[in-house]
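Only one structure is covered here, and it is reproduced in the block below.
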Amino acid sequence: MTETKTAERRIFSGVKPSGHLTLGNYLGAVRRWVQEDQHRADALFCVVDLHALTVEHDPARVRRLTRQAATLLLASGLDPELCTLFVQSHVDEHTRLSYLMECTATDGEMRRMIQYKEKSARERAGGGSVRLSLLTYPALMAADILVYGTHEVPVGEDQTQHVELARDLAQRFNQRYGPVFTVPRAVNPQVSARVMDLQDPTSKMGKSHAETAGIVYLLDEPDVVRKKVMRAVTDSGTEVRYDRTEQPGVANLLDILASCTDGKPEVLAEEFSSYGALKGATAEAVLEVLRPLQARHAELCADPSYVDGVLRAGAERARGLARPRVDEAYAAVGLLPPA
């Protein structure tokens, strides 16, 4: 990675190992990381495993999904020669800075986070208790971003609020203690910012949903992918047209097809006279996208030492970038440096 590229702009984004990665994760985020972000800036991509601990979890599953996510990111085309790929918990500076972000944020800011409201309501509805980390994890997310002097954070629309919080905390910290942090900005993808559930096209295709019939996972077998797409919920009527409000099911299929073929959903709608034909074309387009990714994933699984090496080197570089900034932040707030 050249010094020129590093000096121009830095990008950070991450994926949480709370479930198997989906087509929505790929089309909405990962493909852009691969095709654009790792080429145009000093890009750091992270499996944010600490964020998977905010709710009840199986430790072995988190560990397994963390490795799977890292392997899938490499299989998708992230190149260790172009970007930095690592696991969040391998770089202690994330948690070191997280506490300073908690000390900079307010209780009201944490409780206003939409994801906290939604997730805590689900936990309570299920009879579970709400972990404190579910409330405070936006401070950790802010630390994830700010610790690297990040300029841009490519995220889906549902995560924009968290990046705005990181901006607010960076500005507040800088005003109180001196100019330590770069103020980042969220960058939302132009197309497929949100791929919706095939069975519930008003909900995002989420990797941690309990119901999986409408979710296409990156490692689903071809027959499974085809079946899920062909069984996708459509809408009343028979006309294929792109209307997110009146025909969310059809619009979702057209969005997916457009993303897989680099087309425009409004134009593609004119090519189909039936929902069945649209579903068939969408299924084949999804399979074409997943085929090389799955083949590369199988190759990487057969060479685990390569993945280990990538993550080790990535964490080492990330640590080198993060530590001076965290040390500076600790000194700025008045903490005595170790002797």
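In the structure tokens, chains take the letters A, B, ... in the order shown, each chain's residues start at 1, and ligands count up from 1 in the order shown.
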Excluding Leu78 in chain A and residues on its chain fewer than 3 positions from it, collect all residues at most 7 Å away from it, counting only C-alpha atoms, and give them as a compact mmCIF listing (two decimals) with N, CA and C atoms, in the first residue's frame.
# COMPACT_ATOMS: atom_id res chain seq x y z
N VAL A 34 -15.19 -4.23 -2.63
CA VAL A 34 -14.30 -4.96 -3.55
C VAL A 34 -14.04 -4.16 -4.82
N LEU A 73 -15.22 -12.57 2.93
CA LEU A 73 -14.76 -11.27 2.44
C LEU A 73 -13.59 -11.44 1.48
N LEU A 74 -12.68 -12.35 1.80
CA LEU A 74 -11.58 -12.64 0.88
C LEU A 74 -12.10 -13.29 -0.39
- Message: Residues of range 41-152 of chain A classed as helix (DSSP H, G or I) by DSSP on the backbone are to be reported as an MDAnalysis selection string.
- Response: chainID A and resid 49:53 59:76 88:90 93:104 107:111 114:125 132:146
- Message: Taking 3 positions as the minimum chain separation for residues in the same chain, which residues sit within 10 Å of range 206-223 of chain A when counting only C-alpha atoms? Answer as a ChimeraX atom specification.
- Response: /A:16-26,72,76,194-201,203,226-229,231-233,283-284,286-291,293-295,297-298
- Item | Neighbour list for Glu36 in chain A as a list in words, cut-off 12 Å, only C-alpha atoms, skip fewer than 5 positions in-chain | Ile11, Ala29, Val30, Arg31, Ala41, Asp42, Ala43, Gly77, Leu78, Asp79, Leu82, Cys83, Pro154 and Pro189 of chain A
Within range 43-246 of chain A, find each residue whose DSSP state, derived from the backbone, is strand (DSSP E), and express the selection as an mmCIF file with C-alpha atoms, in the first residue's frame.
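Once everything was written out, this is out_24.cif:
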data_model
loop_
_atom_site.group_PDB
_atom_site.id
_atom_site.type_symbol
_atom_site.label_atom_id
_atom_site.label_comp_id
_atom_site.auth_asym_id
_atom_site.auth_seq_id
_atom_site.Cartn_x
_atom_site.Cartn_y
_atom_site.Cartn_z
ATOM 1 C CA ALA A 43 -9.342 0.889 3.130
ATOM 2 C CA LEU A 44 -9.708 -1.073 6.363
ATOM 3 C CA PHE A 45 -12.358 -3.791 6.643
ATOM 4 C CA CYS A 46 -13.103 -5.476 9.931
ATOM 5 C CA VAL A 47 -15.109 -8.393 11.278
ATOM 6 C CA CYS A 83 -6.676 -3.241 1.779
ATOM 7 C CA THR A 84 -6.395 -4.214 5.440
ATOM 8 C CA LEU A 85 -8.637 -7.038 6.685
ATOM 9 C CA PHE A 86 -8.692 -7.941 10.373
ATOM 10 C CA VAL A 87 -10.794 -8.992 13.349
ATOM 11 C CA GLU A 152 -15.456 7.801 4.918
ATOM 12 C CA VAL A 153 -17.651 5.009 6.261
ATOM 13 C CA PRO A 154 -19.566 3.113 3.553
ATOM 14 C CA ARG A 185 -18.852 10.993 7.032
ATOM 15 C CA ALA A 186 -21.226 8.219 6.022
ATOM 16 C CA VAL A 187 -21.329 7.160 2.380
#
- Message: Taking 5 positions as the minimum chain separation for residues in the same chain, which residues sit within 9 Å of Ala329 in chain A when counting only C-alpha atoms? Answer as a VMD selection string.
- Response: chain A and resid 97 100 173 177 to 178 180 to 181 324 334 to 335
